[in-house]
Amino acid sequence: FLTSFKRSKNLYAVEFWFAKQRFRYSTAKPLGKEHNPNRYPIEERAEKARVLCVVFTLSIAEGWRPQRGELSLIKTPNSTELARQGLKRKSAQNLSKCYLKDLERTCRLWLRYCESAEIQELPITGLSILNFKDFFHWSAVPPSIIPNLKRNLFALLVEEAQAYGVCLPLSQIKVPKSIPTLHKPIKNITALLEDIRVFNSNLHLCCVLTYGMLLRPHREIRCLKFSDFNIDYTMVSLSGNRVKSKQNRVVPVPEYLRELLLQRAAESECRDRNIFTLSSHSFNEGYFKTLWGKYKKQSISLEENQTLYSFRHTGAIRVFEKSGSLATLQRVMGHSDLKVSLTYLRGLEVKQLDIEDLPDL
C-alpha cells in the first residue's frame, strides 16, 4: 500500500513497505522519470505528490521493484553542486537576462566563499545558519545590497534544496531593510517630451509609450512590432513570455500615441516589422539605455535622478490620481499581484492621506 505524505514545511514524499522494508521517495528518478512534487508551487505540491504515488503504484504493477539497501531518497548534492544546479535550472527558464546575470554573480560569490571556508564538499544537509551569516559577512557587500543578495541565494539554494527534501535555514537570517527611494514625477512632461523629440525620434516614441501605456522600455517596448497592435492601432496585445509578470497584457492606445504609431507604420513595408528599426530585427538590449545616457549629457531639462522609468512612474501617478483604484493601477502596470502595485505606489510621490484624516486637537 502506497501513500503520499507531508514530510515537513511543505515538502512531500511517497512511502511504502516492500519485502518488510520501508521505502521513501520524493522524486520519480528511480523509475527513470523526472516527476518531482517539490519543484512545483507550494499550493500544487499535495496534488503532485498524489500523482507521484500513482506513478510508483503503476510501476510496481508493471514489474518495477525497489532494490534492497537502495537509498530511498536520491543522493543530496554538496554546497557548490547545489548552487550550480540552481543556476542551471534558472537559466533554462524564461527569465530576464539582467536577473540571470545577477544570479550568476551571486553564484560565483557563493562558490568563492565555499572555497574560502573549505566547505565545497559539505553536504547541503550540513549547511547551518552560521554558514549563511558567515557568507554575508565574508562577502563585504554594502548593507543596501544584502537583501538582494539574500533573495538571489534563496533562489539558487533554498528552492533547489527543497527538491531533495532539505530545508535550508536562510529565511531565519534577518538582514537590513532596503531604504526605499521616493520617485518624483516629471513636472512638465509635455515640454520634456518635445525636447526629446528634437533629440531623437526613437527615444521620443519610447518615452511616450512608457508614459502613455506604462510599458517597460528595455524589453516590452524595444521589441514591439506593428503586428502587436490591432489593425487600427487602438490596442496592443503582448503574450506572457514577453512581459515581466508572465501574464498576457492587453492595453488600449491613447489617441496622441496612436497618431505617432500611424505615422511610423506608414514608413514600414509590412506589419511584421519592429516599430523602431522598421526591420525584422530589434535594437540591442542596451540601445535605449545608451541613447538616454547621450540625451542626459546634453539636456538642461532633466532633473537629478530622472531616468526612462520616470515616465512610467509619472504615468502610474496620473492613473492612480484619476481612478483612485489600486486594482486599476495593477491592470495598467501589468503587475502580477496587488501587493506589487501597493509596494510600487509607496515609492511614488502620491498623497495617500488628506488633512481630514489626521487627528484634531
# chains A, B, ... in the order shown; residues from 1 in each chain; ligands from 1
$ select_by_dssp --residues "segment 75-315 of chain A" --states "alpha helix (DSSP H)" --output "ChimeraX atom specification"
/A:79-91,97-117,129-139,146-153,159-162,189-199,201-212,255-265,287-298,309-315
$ residues_around --residues "Ser237 of chain A" --least-positions-apart "4" --cutoff "7 Å" --atoms "only C-alpha atoms" --output "ChimeraX atom specification"
/A:228-229,249-251
$ write_last_selection --atoms "C-alpha atoms" --output "PDB file, in the first residue's frame"
ATOM      1  CA  ASP A 228       1.431  43.560 -31.829  1.00  0.00           C
ATOM      2  CA  PHE A 229      -1.185  46.284 -32.365  1.00  0.00           C
ATOM      3  CA  ARG A 249      -1.129  42.017 -21.347  1.00  0.00           C
ATOM      4  CA  VAL A 250      -3.686  43.981 -23.385  1.00  0.00           C
ATOM      5  CA  VAL A 251      -3.529  47.791 -23.176  1.00  0.00           C
TER       6      VAL A 251
END
$ residues_around --residues "Ala83 of chain A" --least-positions-apart "4" --cutoff "8 Å" --atoms "only C-alpha atoms" --output "list in words"
Ser79, Leu87, Cys107, Trp110, Leu111, Leu156 and Leu157 of chain A
$ closest_residue --among "A:Leu153, A:Leu127, A:Leu302, A:Ala266" --to "Ala191 of chain A" --atoms "only C-alpha atoms"
A:Leu302
$ residues_around --residues "segment 91-97 of chain A" --least-positions-apart "5" --cutoff "10 Å" --atoms "only C-alpha atoms" --output "list of chain:residue names"
A:Gln85, A:Gly86, A:Asp102, A:Leu103, A:Glu104, A:Arg219, A:Asn241, A:Arg242, A:Val243, A:Lys244, A:Lys246, A:Glu285
$ write_last_selection --atoms "N, CA and C atoms" --output "mmCIF file, in the first residue's frame"
data_model
loop_
_atom_site.group_PDB
_atom_site.id
_atom_site.type_symbol
_atom_site.label_atom_id
_atom_site.label_comp_id
_atom_site.auth_asym_id
_atom_site.auth_seq_id
_atom_site.Cartn_x
_atom_site.Cartn_y
_atom_site.Cartn_z
ATOM 1 N N GLN A 85 23.505 23.689 -9.810
ATOM 2 C CA GLN A 85 22.240 23.127 -10.274
ATOM 3 C C GLN A 85 21.137 24.184 -10.273
ATOM 4 N N GLY A 86 21.108 24.983 -9.206
ATOM 5 C CA GLY A 86 20.106 26.034 -9.119
ATOM 6 C C GLY A 86 20.238 27.045 -10.241
ATOM 7 N N ASP A 102 22.533 38.665 -12.500
ATOM 8 C CA ASP A 102 22.594 38.886 -11.053
ATOM 9 C C ASP A 102 22.751 37.553 -10.319
ATOM 10 N N LEU A 103 22.020 36.534 -10.773
ATOM 11 C CA LEU A 103 22.138 35.207 -10.167
ATOM 12 C C LEU A 103 23.525 34.611 -10.410
ATOM 13 N N GLU A 104 24.072 34.848 -11.590
ATOM 14 C CA GLU A 104 25.415 34.332 -11.902
ATOM 15 C C GLU A 104 26.460 34.947 -10.988
ATOM 16 N N ARG A 219 12.579 45.996 -22.764
ATOM 17 C CA ARG A 219 12.225 44.760 -23.452
ATOM 18 C C ARG A 219 10.852 44.853 -24.100
ATOM 19 N N ASN A 241 5.088 35.551 -22.365
ATOM 20 C CA ASN A 241 6.542 35.337 -22.465
ATOM 21 C C ASN A 241 7.303 36.612 -22.831
ATOM 22 N N ARG A 242 6.567 37.706 -23.064
ATOM 23 C CA ARG A 242 7.218 38.972 -23.402
ATOM 24 C C ARG A 242 7.015 40.025 -22.309
ATOM 25 N N VAL A 243 6.399 39.605 -21.212
ATOM 26 C CA VAL A 243 6.058 40.534 -20.135
ATOM 27 C C VAL A 243 6.694 40.054 -18.838
ATOM 28 N N LYS A 244 7.162 40.985 -18.048
ATOM 29 C CA LYS A 244 7.856 40.648 -16.800
ATOM 30 C C LYS A 244 6.986 39.821 -15.864
ATOM 31 N N LYS A 246 4.813 37.688 -16.642
ATOM 32 C CA LYS A 246 4.492 36.403 -17.278
ATOM 33 C C LYS A 246 2.998 36.232 -17.522
ATOM 34 N N GLU A 285 19.938 45.157 -26.536
ATOM 35 C CA GLU A 285 19.321 45.371 -25.224
ATOM 36 C C GLU A 285 19.679 46.726 -24.600
#
$ residues_around --residues "Pro217 of chain A" --least-positions-apart "4" --cutoff "8 Å" --atoms "only C-alpha atoms" --output "PDB file with C-alpha atoms, in the first residue's frame"
ATOM      1  CA  CYS A 206       9.872  55.020 -26.400  1.00  0.00           C
ATOM      2  CA  CYS A 207       9.195  57.678 -23.742  1.00  0.00           C
ATOM      3  CA  THR A 210       6.407  54.276 -21.403  1.00  0.00           C
ATOM      4  CA  ILE A 221       8.821  48.425 -25.842  1.00  0.00           C
ATOM      5  CA  ARG A 222      12.154  47.738 -27.575  1.00  0.00           C
ATOM      6  CA  PHE A 288      17.665  52.860 -25.097  1.00  0.00           C
ATOM      7  CA  LEU A 308      13.445  56.380 -18.632  1.00  0.00           C
ATOM      8  CA  TYR A 309      11.404  54.779 -15.871  1.00  0.00           C
TER       9      TYR A 309
END
$ residues_around --residues "Phe320 of chain A" --least-positions-apart "6" --cutoff "9 Å" --atoms "only C-alpha atoms" --output "VMD selection string"
chain A and resid 326 328 to 329 345 350
$ write_last_selection --atoms "C-alpha atoms" --output "mmCIF file, in the first residue's frame"
data_model
loop_
_atom_site.group_PDB
_atom_site.id
_atom_site.type_symbol
_atom_site.label_atom_id
_atom_site.label_comp_id
_atom_site.auth_asym_id
_atom_site.auth_seq_id
_atom_site.Cartn_x
_atom_site.Cartn_y
_atom_site.Cartn_z
ATOM 1 C CA LEU A 326 -5.342 50.164 -6.767
ATOM 2 C CA THR A 328 -6.919 49.709 -11.946
ATOM 3 C CA LEU A 329 -3.287 50.615 -11.319
ATOM 4 C CA LEU A 345 2.724 53.021 -5.048
ATOM 5 C CA VAL A 350 1.405 60.209 -4.231
#
$ decode --residues "segment 250-272 of chain A" --atoms "N, CA and C atoms" --output "mmCIF file, in the first residue's frame"
data_model
loop_
_atom_site.group_PDB
_atom_site.id
_atom_site.type_symbol
_atom_site.label_atom_id
_atom_site.label_comp_id
_atom_site.auth_asym_id
_atom_site.auth_seq_id
_atom_site.Cartn_x
_atom_site.Cartn_y
_atom_site.Cartn_z
ATOM 1 N N VAL A 250 -2.952 43.266 -22.338
ATOM 2 C CA VAL A 250 -3.686 43.981 -23.385
ATOM 3 C C VAL A 250 -3.946 45.391 -22.876
ATOM 4 N N VAL A 251 -3.444 46.396 -23.625
ATOM 5 C CA VAL A 251 -3.529 47.791 -23.176
ATOM 6 C C VAL A 251 -4.085 48.658 -24.304
ATOM 7 N N PRO A 252 -5.054 49.523 -24.024
ATOM 8 C CA PRO A 252 -5.550 50.445 -25.056
ATOM 9 C C PRO A 252 -4.508 51.511 -25.385
ATOM 10 N N VAL A 253 -4.594 52.045 -26.596
ATOM 11 C CA VAL A 253 -3.628 53.038 -27.067
ATOM 12 C C VAL A 253 -4.262 54.426 -27.028
ATOM 13 N N PRO A 254 -3.686 55.371 -26.273
ATOM 14 C CA PRO A 254 -4.218 56.746 -26.265
ATOM 15 C C PRO A 254 -4.136 57.369 -27.666
ATOM 16 N N GLU A 255 -5.006 58.311 -27.937
ATOM 17 C CA GLU A 255 -5.082 58.902 -29.268
ATOM 18 C C GLU A 255 -3.784 59.599 -29.658
ATOM 19 N N TYR A 256 -3.142 60.312 -28.710
ATOM 20 C CA TYR A 256 -1.904 61.026 -29.046
ATOM 21 C C TYR A 256 -0.797 60.046 -29.427
ATOM 22 N N LEU A 257 -0.864 58.851 -28.899
ATOM 23 C CA LEU A 257 0.128 57.827 -29.221
ATOM 24 C C LEU A 257 -0.219 57.109 -30.520
ATOM 25 N N ARG A 258 -1.504 56.953 -30.766
ATOM 26 C CA ARG A 258 -1.978 56.311 -31.993
ATOM 27 C C ARG A 258 -1.509 57.092 -33.224
ATOM 28 N N GLU A 259 -1.543 58.415 -33.139
ATOM 29 C CA GLU A 259 -1.095 59.244 -34.266
ATOM 30 C C GLU A 259 0.383 59.003 -34.578
ATOM 31 N N LEU A 260 1.207 58.876 -33.536
ATOM 32 C CA LEU A 260 2.633 58.610 -33.743
ATOM 33 C C LEU A 260 2.851 57.246 -34.386
ATOM 34 N N LEU A 261 2.082 56.258 -33.940
ATOM 35 C CA LEU A 261 2.235 54.900 -34.475
ATOM 36 C C LEU A 261 1.793 54.825 -35.932
ATOM 37 N N LEU A 262 0.720 55.517 -36.264
ATOM 38 C CA LEU A 262 0.255 55.535 -37.650
ATOM 39 C C LEU A 262 1.290 56.178 -38.571
ATOM 40 N N GLN A 263 1.926 57.256 -38.104
ATOM 41 C CA GLN A 263 2.986 57.890 -38.892
ATOM 42 C C GLN A 263 4.154 56.936 -39.090
ATOM 43 N N ARG A 264 4.520 56.218 -38.024
ATOM 44 C CA ARG A 264 5.639 55.279 -38.112
ATOM 45 C C ARG A 264 5.263 54.084 -39.005
ATOM 46 N N ALA A 265 4.019 53.607 -38.906
ATOM 47 C CA ALA A 265 3.570 52.455 -39.701
ATOM 48 C C ALA A 265 3.576 52.756 -41.187
ATOM 49 N N ALA A 266 3.338 54.025 -41.536
ATOM 50 C CA ALA A 266 3.333 54.421 -42.949
ATOM 51 C C ALA A 266 4.712 54.267 -43.578
ATOM 52 N N GLU A 267 5.758 54.243 -42.751
ATOM 53 C CA GLU A 267 7.126 54.102 -43.250
ATOM 54 C C GLU A 267 7.540 52.641 -43.409
ATOM 55 N N SER A 268 6.708 51.720 -42.900
ATOM 56 C CA SER A 268 7.071 50.303 -42.904
ATOM 57 C C SER A 268 6.448 49.571 -44.085
ATOM 58 N N GLU A 269 7.177 48.575 -44.603
ATOM 59 C CA GLU A 269 6.702 47.802 -45.743
ATOM 60 C C GLU A 269 5.609 46.811 -45.342
ATOM 61 N N CYS A 270 5.706 46.259 -44.136
ATOM 62 C CA CYS A 270 4.684 45.319 -43.676
ATOM 63 C C CYS A 270 4.555 45.409 -42.156
ATOM 64 N N ARG A 271 3.529 44.740 -41.612
ATOM 65 C CA ARG A 271 3.246 44.837 -40.181
ATOM 66 C C ARG A 271 4.186 43.980 -39.331
ATOM 67 N N ASP A 272 4.858 43.028 -39.935
ATOM 68 C CA ASP A 272 5.756 42.167 -39.161
ATOM 69 C C ASP A 272 7.151 42.794 -39.061
#
